[in-house]
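Have a look at model-v9.pdb; it's PDB, C-alpha atoms:
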MODEL        1
ATOM      1  CA  MET A  12     176.373  23.902  40.847
ATOM      2  CA  THR A  13     175.909  27.586  41.515
ATOM      3  CA  TYR A  14     174.098  29.877  39.114
ATOM      4  CA  VAL A  15     177.299  31.828  38.399
ATOM      5  CA  ARG A  16     179.206  28.635  37.496
ATOM      6  CA  GLN A  17     176.358  27.427  35.252
ATOM      7  CA  PHE A  18     176.271  30.821  33.522
ATOM      8  CA  GLU A  19     180.035  30.659  32.902
ATOM      9  CA  LEU A  20     179.665  27.210  31.315
ATOM     10  CA  ASN A  21     176.852  28.439  29.068
ATOM     11  CA  VAL A  22     178.878  31.454  27.969
ATOM     12  CA  THR A  23     181.873  29.238  27.156
ATOM     13  CA  ALA A  24     179.662  26.819  25.211
ATOM     14  CA  MET A  25     178.111  29.671  23.241
ATOM     15  CA  GLU A  26     181.491  31.221  22.480
ATOM     16  CA  THR A  27     182.847  27.948  21.090
ATOM     17  CA  ALA A  28     179.692  26.620  19.397
ATOM     18  CA  PHE A  29     179.465  26.600  15.612
ATOM     19  CA  SER A  30     176.679  28.928  14.534
ATOM     20  CA  PHE A  31     175.191  29.419  11.130
ATOM     21  CA  THR A  32     172.165  30.973   9.548
ATOM     22  CA  VAL A  33     170.404  30.724   6.233
ATOM     23  CA  LEU A  34     169.213  33.898   4.592
ATOM     24  CA  ARG A  35     167.825  35.009   1.300
ATOM     25  CA  ASN A  36     168.740  37.534  -1.372
ATOM     26  CA  PRO A  37     166.571  40.562  -0.495
ATOM     27  CA  TRP A  38     165.190  41.025  -4.031
ATOM     28  CA  THR A  39     164.221  37.377  -4.338
ATOM     29  CA  ARG A  40     162.868  37.423  -0.794
ATOM     30  CA  MET A  41     160.565  40.354  -1.615
ATOM     31  CA  VAL A  42     159.227  38.542  -4.682
ATOM     32  CA  SER A  43     158.830  35.250  -2.838
ATOM     33  CA  GLY A  44     157.184  36.936   0.143
ATOM     34  CA  TYR A  45     154.770  38.801  -2.104
ATOM     35  CA  ARG A  46     153.900  35.645  -4.057
ATOM     36  CA  ASP A  47     153.473  33.549  -0.919
ATOM     37  CA  LYS A  48     151.832  36.019   1.458
ATOM     38  CA  LEU A  49     150.070  38.746  -0.537
ATOM     39  CA  SER A  50     149.237  37.719  -4.102
ATOM     40  CA  ASP A  51     146.387  35.560  -5.308
ATOM     41  CA  GLU A  52     148.931  32.964  -6.491
ATOM     42  CA  VAL A  53     148.543  29.542  -4.877
ATOM     43  CA  THR A  54     151.797  28.606  -3.085
ATOM     44  CA  GLN A  55     152.925  26.321  -0.253
ATOM     45  CA  GLY A  56     152.691  29.013   2.403
ATOM     46  CA  HIS A  57     149.920  30.789   4.225
ATOM     47  CA  ASP A  58     148.882  34.237   3.132
ATOM     48  CA  ILE A  59     148.667  37.341   5.256
ATOM     49  CA  ARG A  60     145.332  38.403   3.803
ATOM     50  CA  HIS A  61     144.723  41.117   6.382
ATOM     51  CA  LEU A  62     147.965  42.835   5.353
ATOM     52  CA  GLY A  63     147.029  42.658   1.662
ATOM     53  CA  ILE A  64     143.692  44.320   2.419
ATOM     54  CA  LYS A  65     145.498  46.989   4.455
ATOM     55  CA  ILE A  66     147.947  47.682   1.602
ATOM     56  CA  VAL A  67     145.132  48.065  -0.954
ATOM     57  CA  LYS A  68     143.279  50.388   1.399
ATOM     58  CA  GLN A  69     146.345  52.544   2.121
ATOM     59  CA  ILE A  70     147.757  52.711  -1.414
ATOM     60  CA  ARG A  71     144.535  52.784  -3.486
ATOM     61  CA  GLY A  72     142.175  54.182  -0.882
ATOM     62  CA  ILE A  73     139.790  51.250  -1.474
ATOM     63  CA  ASP A  74     138.380  49.113   1.321
ATOM     64  CA  ASP A  75     137.589  45.898  -0.583
ATOM     65  CA  ALA A  76     138.548  42.493   0.833
ATOM     66  CA  THR A  77     138.367  40.878  -2.621
ATOM     67  CA  LEU A  78     141.290  42.891  -4.024
ATOM     68  CA  TYR A  79     144.953  41.913  -3.839
ATOM     69  CA  PRO A  80     147.837  44.405  -3.877
ATOM     70  CA  THR A  81     150.064  44.551  -6.923
ATOM     71  CA  PHE A  82     153.772  43.886  -6.514
ATOM     72  CA  GLU A  83     154.497  47.591  -6.938
ATOM     73  CA  GLU A  84     151.922  48.493  -4.263
ATOM     74  CA  PHE A  85     153.562  46.002  -1.907
ATOM     75  CA  LEU A  86     156.983  47.587  -2.535
ATOM     76  CA  ARG A  87     155.615  51.094  -2.019
ATOM     77  CA  TYR A  88     154.099  49.914   1.255
ATOM     78  CA  LEU A  89     157.469  48.472   2.338
ATOM     79  CA  VAL A  90     159.140  51.801   1.546
ATOM     80  CA  GLU A  91     156.478  53.808   3.387
ATOM     81  CA  HIS A  92     156.924  51.600   6.462
ATOM     82  CA  ASN A  93     160.720  51.328   6.169
ATOM     83  CA  GLY A  94     160.518  47.544   5.822
ATOM     84  CA  THR A  95     158.820  47.133   9.214
ATOM     85  CA  ALA A  96     155.182  46.741   8.094
ATOM     86  CA  ASN A  97     155.122  43.074   9.072
ATOM     87  CA  PRO A  98     157.690  40.807  10.802
ATOM     88  CA  HIS A  99     157.777  38.581   7.714
ATOM     89  CA  PHE A 100     159.296  41.429   5.686
ATOM     90  CA  LEU A 101     161.731  42.855   8.240
ATOM     91  CA  PRO A 102     165.326  43.198   7.075
ATOM     92  CA  GLN A 103     167.010  39.883   7.885
ATOM     93  CA  HIS A 104     169.925  41.457   9.753
ATOM     94  CA  LYS A 105     167.451  42.781  12.336
ATOM     95  CA  ILE A 106     165.860  39.363  12.836
ATOM     96  CA  LEU A 107     169.306  37.748  13.124
ATOM     97  CA  CYS A 108     170.564  40.435  15.556
ATOM     98  CA  ILE A 109     173.519  41.290  13.320
ATOM     99  CA  PRO A 110     176.070  42.645  14.255
ATOM    100  CA  GLN A 111     175.484  41.623  17.911
ATOM    101  CA  ALA A 112     175.154  37.908  17.131
ATOM    102  CA  ARG A 113     178.131  35.980  15.786
ATOM    103  CA  TYR A 114     177.754  33.570  12.877
ATOM    104  CA  ASP A 115     180.509  31.295  11.620
ATOM    105  CA  LEU A 116     178.703  30.707   8.345
ATOM    106  CA  ILE A 117     175.976  32.601   6.515
ATOM    107  CA  VAL A 118     174.370  30.424   3.862
ATOM    108  CA  PRO A 119     172.344  32.028   1.060
ATOM    109  CA  LEU A 120     169.078  30.077   0.781
ATOM    110  CA  GLU A 121     169.403  30.051  -2.980
ATOM    111  CA  TYR A 122     172.658  28.078  -2.587
ATOM    112  CA  SER A 123     171.760  26.025   0.485
ATOM    113  CA  THR A 124     171.470  22.797  -1.501
ATOM    114  CA  VAL A 125     175.029  23.261  -2.736
ATOM    115  CA  MET A 126     176.358  24.384   0.663
ATOM    116  CA  ASN A 127     174.775  21.605   2.745
ATOM    117  CA  LYS A 128     178.078  19.712   2.807
ATOM    118  CA  ASP A 129     179.946  22.713   4.301
ATOM    119  CA  VAL A 130     177.494  22.832   7.183
ATOM    120  CA  TRP A 131     177.497  19.033   7.622
ATOM    121  CA  THR A 132     181.253  19.106   8.137
ATOM    122  CA  HIS A 133     180.909  21.532  11.040
ATOM    123  CA  ILE A 134     177.944  19.952  12.798
ATOM    124  CA  ASN A 135     178.736  16.306  12.031
ATOM    125  CA  THR A 136     175.373  15.357  10.559
ATOM    126  CA  SER A 137     173.872  14.561   7.198
ATOM    127  CA  VAL A 138     170.541  16.304   7.706
ATOM    128  CA  ASN A 139     169.722  18.580   4.797
ATOM    129  CA  LEU A 140     169.206  22.253   5.416
ATOM    130  CA  LEU A 141     165.855  23.711   4.613
ATOM    131  CA  GLY A 142     166.296  24.671   1.002
ATOM    132  CA  SER A 143     164.310  26.724  -1.388
ATOM    133  CA  TYR A 144     160.782  25.545  -2.085
ATOM    134  CA  ASP A 145     161.733  25.750  -5.738
ATOM    135  CA  SER A 146     162.956  22.488  -7.205
ATOM    136  CA  ALA A 147     165.449  24.165  -9.532
ATOM    137  CA  SER A 148     168.896  23.656  -8.026
ATOM    138  CA  ASP A 149     170.374  26.495 -10.052
ATOM    139  CA  PRO A 150     169.252  29.624  -8.164
ATOM    140  CA  ARG A 151     169.106  31.603 -11.408
ATOM    141  CA  LEU A 152     166.346  29.275 -12.621
ATOM    142  CA  GLN A 153     164.178  29.430  -9.504
ATOM    143  CA  THR A 154     160.775  30.996 -10.070
ATOM    144  CA  SER A 155     161.183  33.901  -7.637
ATOM    145  CA  ALA A 156     164.613  34.765  -9.063
ATOM    146  CA  ILE A 157     163.207  34.828 -12.596
ATOM    147  CA  ARG A 158     160.209  36.885 -11.497
ATOM    148  CA  ALA A 159     162.492  39.263  -9.574
ATOM    149  CA  LYS A 160     164.313  40.125 -12.808
ATOM    150  CA  GLU A 161     161.030  40.635 -14.641
ATOM    151  CA  TRP A 162     159.085  42.465 -11.947
ATOM    152  CA  PHE A 163     161.840  44.771 -10.715
ATOM    153  CA  SER A 164     162.506  45.874 -14.305
ATOM    154  CA  GLU A 165     159.054  47.508 -14.166
ATOM    155  CA  ILE A 166     159.631  49.312 -10.842
ATOM    156  CA  SER A 167     160.827  52.918 -10.710
ATOM    157  CA  GLN A 168     164.462  53.539  -9.841
ATOM    158  CA  ASP A 169     163.335  55.714  -6.939
ATOM    159  CA  ILE A 170     161.514  52.804  -5.251
ATOM    160  CA  ILE A 171     164.415  50.432  -5.972
ATOM    161  CA  ASP A 172     166.896  52.890  -4.445
ATOM    162  CA  LYS A 173     164.752  53.306  -1.317
ATOM    163  CA  LEU A 174     164.360  49.542  -0.933
ATOM    164  CA  TYR A 175     168.106  49.092  -1.350
ATOM    165  CA  ASP A 176     168.706  51.589   1.450
ATOM    166  CA  ILE A 177     166.310  49.701   3.736
ATOM    167  CA  TYR A 178     167.870  46.295   3.018
ATOM    168  CA  LYS A 179     171.485  47.291   2.237
ATOM    169  CA  VAL A 180     172.940  45.423   5.239
ATOM    170  CA  ASP A 181     171.146  42.278   4.022
ATOM    171  CA  PHE A 182     172.728  42.680   0.592
ATOM    172  CA  ALA A 183     176.159  42.882   2.221
ATOM    173  CA  LEU A 184     175.633  39.606   4.062
TER     174      LEU A 184
ENDMDL
END

Is it possible to express this structure as structure tokens?
Amino acid sequence: MTYVRQFELNVTAMETAFSFTVLRNPWTRMVSGYRDKLSDEVTQGHDIRHLGIKIVKQIRGIDDATLYPTFEEFLRYLVEHNGTANPHFLPQHKILCIPQARYDLIVPLEYSTVMNKDVWTHINTSVNLLGSYDSASDPRLQTSAIRAKEWFSEISQDIIDKLYDIYKVDFAL
């Protein structure tokens, strides 16, 4: 088979394949990312300690590896770096190549447990999607969602507005 013919088959397969992605509410994602990667809270993930030290140094002007950034300092850092300070915190639409990539289904992580069946129907399998680490099936009762309501209520409207501008495409997804 020639290269051109193989390429044509791959293009046809990609154009007809069912594609989906799982993404997260940006507010909850910021809280979860902070808790998992930057705070002193013990979670399932692996921290990005070097970034936490960098945030404390930039925001507070203190070079002390024993300090952790506050949630507000983390958000200010995101704003100052337009959401590009670390690949973990990039806007999801950039990671997913939206609008260039085509997705048949976009599943909010907070609802992935509920939406598993929709995906199963399309891909003919019963494998569960990666769901939230939180055991609460109601997304409103998940720890990061609860903390998002609490923590963002203490953040200035100016920072919230700037974060919304950075992640507004993600909110629309």

> What does the PyMOL selection byres ((chain A and resi 117) around 12) select in this file, as an NGL selection string?
Replying inline: :A and (29-36 or 103-104 or 107 or 109 or 112-116 or 118-123 or 126-127 or 129-130 or 181 or 183-184)

List the residues matched by the PyMOL selection byres ((chain A and resi 38) around 10) in the displayed structure as a CSV table (one decimal) with C-alpha atoms, in the frame of the given file, ordered by chain and then by residue number.
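The file below, selection.csv, is the result:
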chain,number,residue,atom,x,y,z
A,35,ARG,CA,167.8,35.0,1.3
A,36,ASN,CA,168.7,37.5,-1.4
A,37,PRO,CA,166.6,40.6,-0.5
A,39,THR,CA,164.2,37.4,-4.3
A,40,ARG,CA,162.9,37.4,-0.8
A,41,MET,CA,160.6,40.4,-1.6
A,42,VAL,CA,159.2,38.5,-4.7
A,43,SER,CA,158.8,35.2,-2.8
A,44,GLY,CA,157.2,36.9,0.1
A,155,SER,CA,161.2,33.9,-7.6
A,156,ALA,CA,164.6,34.8,-9.1
A,158,ARG,CA,160.2,36.9,-11.5
A,159,ALA,CA,162.5,39.3,-9.6
A,160,LYS,CA,164.3,40.1,-12.8
A,163,PHE,CA,161.8,44.8,-10.7
A,171,ILE,CA,164.4,50.4,-6.0
A,174,LEU,CA,164.4,49.5,-0.9
A,175,TYR,CA,168.1,49.1,-1.4
A,178,TYR,CA,167.9,46.3,3.0
A,182,PHE,CA,172.7,42.7,0.6

Residues picked by the PyMOL selection byres ((chain A and resi 49) around 10) here, as a PDB file with C-alpha atoms, keeping the file's coordinate frame?
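Result file is selection36.pdb:
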ATOM      1  CA  SER A  43     158.830  35.250  -2.838  1.00  0.00           C
ATOM      2  CA  GLY A  44     157.184  36.936   0.143  1.00  0.00           C
ATOM      3  CA  TYR A  45     154.770  38.801  -2.104  1.00  0.00           C
ATOM      4  CA  ARG A  46     153.900  35.645  -4.057  1.00  0.00           C
ATOM      5  CA  ASP A  47     153.473  33.549  -0.919  1.00  0.00           C
ATOM      6  CA  LYS A  48     151.832  36.019   1.458  1.00  0.00           C
ATOM      7  CA  SER A  50     149.237  37.719  -4.102  1.00  0.00           C
ATOM      8  CA  ASP A  51     146.387  35.560  -5.308  1.00  0.00           C
ATOM      9  CA  GLU A  52     148.931  32.964  -6.491  1.00  0.00           C
ATOM     10  CA  HIS A  57     149.920  30.789   4.225  1.00  0.00           C
ATOM     11  CA  ASP A  58     148.882  34.237   3.132  1.00  0.00           C
ATOM     12  CA  ILE A  59     148.667  37.341   5.256  1.00  0.00           C
ATOM     13  CA  ARG A  60     145.332  38.403   3.803  1.00  0.00           C
ATOM     14  CA  HIS A  61     144.723  41.117   6.382  1.00  0.00           C
ATOM     15  CA  LEU A  62     147.965  42.835   5.353  1.00  0.00           C
ATOM     16  CA  GLY A  63     147.029  42.658   1.662  1.00  0.00           C
ATOM     17  CA  ILE A  64     143.692  44.320   2.419  1.00  0.00           C
ATOM     18  CA  ILE A  66     147.947  47.682   1.602  1.00  0.00           C
ATOM     19  CA  TYR A  79     144.953  41.913  -3.839  1.00  0.00           C
ATOM     20  CA  PRO A  80     147.837  44.405  -3.877  1.00  0.00           C
ATOM     21  CA  THR A  81     150.064  44.551  -6.923  1.00  0.00           C
ATOM     22  CA  PHE A  82     153.772  43.886  -6.514  1.00  0.00           C
ATOM     23  CA  PHE A  85     153.562  46.002  -1.907  1.00  0.00           C
TER      24      PHE A  85
END

> Which value, in Å to one decimal, gives the distance between atom CA of Gly94 of chain A and atom CA of Ile177 of chain A?
Replying inline: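 Pair atom CA of Gly94 of chain A / atom CA of Ile177 of chain A returns 6.5 Å.
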
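The spacing separating atom CA of His133 of chain A from atom CA of Gln153 of chain A amounts to 27.6 Å.
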
>> One number please: atom CA of Lys179 of chain A to atom CA of Val67 of chain A, in Å, one decimal.
In response: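 About the pair atom CA of Lys179 of chain A and atom CA of Val67 of chain A: they are 26.6 Å apart.
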
>> Taking (162.3, 55.5, 7.1) in the coordinates of the supplied file, I want to know which residues reach to within 12 Å of it, counting all atoms listed in the file; could you give the answer as a list in words?
In response: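 The residues that fall inside the cut-off are Tyr88, Leu89, Val90, Glu91, His92, Asn93, Gly94, Thr95, Ala96, Lys173, Leu174, Asp176, Ile177 and Tyr178 of chain A.
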
>> Just checking: using all atoms listed in the file, which residue out of A:Leu86, A:Ile134, A:Gln111, A:Asn97 ends up closest to Trp162 of chain A?
In response: A:Leu86
